[in-house]
Amino acid sequence: MSYAGVSDFISRLKEGGHQGARRDERRESNGRWIGVPFSAESPVWRAASPINYLSHDDPPLLLVHAKDDGVAPFQQSVQMYETMKPMQPYTELLLFEEGGHGIRTSKVIGDEAWAATIAFFNTHLTHNV
């Protein structure tokens with residue numbers, strides 16, 4: 001389950017990457033908690049990116065993102081979906097035109113996002129005892 005998450009810090013922050021506006025600011029702030037300055041060749045930045053840990057035995061995944069998210073570009077969820085879907089057929093992507101980074105609480109789509117999340121959980125988290 002990912003609401004407006006970052007999946008690949010390198011593709012997000014490299015020149016021509018997903019971040020676009022505020023890229024330098026994000027490089028600096030993310031670099032502080034990653035521990036080293038940004039470099040597209042950095043093994044530390046690669047290791048910080050969840051997309052590099054996907055495998056065929058991962059659980060079902062729901063990605064929810066708004067296209068107008070100014071913090072984590074929606075292309076991050078698209079990239080994660082495209083990488084994960086061949087490995088895990090129960091991967092779903094739900095994109096909204098509006099909702100910003102606070103998609104869960106958005107008055108525009110919050111209820112729809114929550115309903116989709118609950119339906120996903122009801123489908124994939126039920127188990128036979």
# chains A, B, ... in the order shown; residues from 1 in each chain; ligands from 1
call {"tool": "residues_around", "arguments": {"residues": "Ile51 of chain A", "least_positions_apart": "6", "cutoff": "7 Å", "atoms": "only C-alpha atoms", "output": "count of residues only"}}
result
3
call {"tool": "residues_around", "arguments": {"residues": "Val64 of chain A", "least_positions_apart": "6", "cutoff": "7 Å", "atoms": "only C-alpha atoms", "output": "ChimeraX atom specification"}}
result
/A:2-4,93-95
call {"tool": "select_by_dssp", "arguments": {"residues": "chain A", "states": "alpha helix (DSSP H)", "output": "PyMOL selection string"}}
result
chain A and resi 9-13+23-34+43-47+75-84+110-124
call {"tool": "atom_distance", "arguments": {"atom1": "atom CA of Ser49 of chain A", "atom2": "atom CA of Val6 of chain A"}}
result
7.8 Å
call {"tool": "residues_around", "arguments": {"residues": "segment 28-43 of chain A", "least_positions_apart": "6", "cutoff": "9 Å", "atoms": "only C-alpha atoms", "output": "PyMOL selection string"}}
result
chain A and resi 9-11+13-15
call {"tool": "atom_distance", "arguments": {"atom1": "atom CA of Ser55 of chain A", "atom2": "atom CA of Gln88 of chain A"}}
result
7.9 Å
call {"tool": "closest_residue", "arguments": {"among": "A:Gly5, A:Pro60, A:Ala47, A:Gln75", "to": "Gly20 of chain A", "atoms": "only C-alpha atoms"}}
result
A:Gln75
call {"tool": "select_by_dssp", "arguments": {"residues": "chain A", "states": "strand (DSSP E or B)", "output": "list in words"}}
result
Ser2, Tyr3, Leu61, Leu62, Leu63, Val64, His65, Ala66, Thr91, Glu92, Leu93, Leu94, Leu95 and Phe96 of chain A
call {"tool": "write_last_selection", "arguments": {"atoms": "C-alpha atoms", "output": "PDB file, in the first residue's frame"}}
result
ATOM      1  CA  SER A   2       1.475   3.301  -1.036  1.00  0.00           C
ATOM      2  CA  TYR A   3      -0.176   6.689  -0.917  1.00  0.00           C
ATOM      3  CA  LEU A  61       0.420  -3.782  -3.856  1.00  0.00           C
ATOM      4  CA  LEU A  62      -1.946  -0.842  -4.248  1.00  0.00           C
ATOM      5  CA  LEU A  63      -0.446   2.466  -5.364  1.00  0.00           C
ATOM      6  CA  VAL A  64      -2.571   5.620  -5.026  1.00  0.00           C
ATOM      7  CA  HIS A  65      -1.336   8.954  -6.339  1.00  0.00           C
ATOM      8  CA  ALA A  66      -2.606  12.324  -7.569  1.00  0.00           C
ATOM      9  CA  THR A  91      -0.568  -4.867  -8.256  1.00  0.00           C
ATOM     10  CA  GLU A  92      -2.988  -1.997  -8.817  1.00  0.00           C
ATOM     11  CA  LEU A  93      -2.487   1.677  -9.652  1.00  0.00           C
ATOM     12  CA  LEU A  94      -5.115   4.296  -8.902  1.00  0.00           C
ATOM     13  CA  LEU A  95      -4.330   7.768 -10.281  1.00  0.00           C
ATOM     14  CA  PHE A  96      -6.357  10.907  -9.657  1.00  0.00           C
TER      15      PHE A  96
END
call {"tool": "atom_distance", "arguments": {"atom1": "atom CA of Gly70 of chain A", "atom2": "atom CA of Pro50 of chain A"}}
result
20.1 Å
call {"tool": "residues_around", "arguments": {"residues": "Asp68 of chain A", "least_positions_apart": "3", "cutoff": "8 Å", "atoms": "only C-alpha atoms", "output": "ChimeraX atom specification"}}
result
/A:73-74,97-101
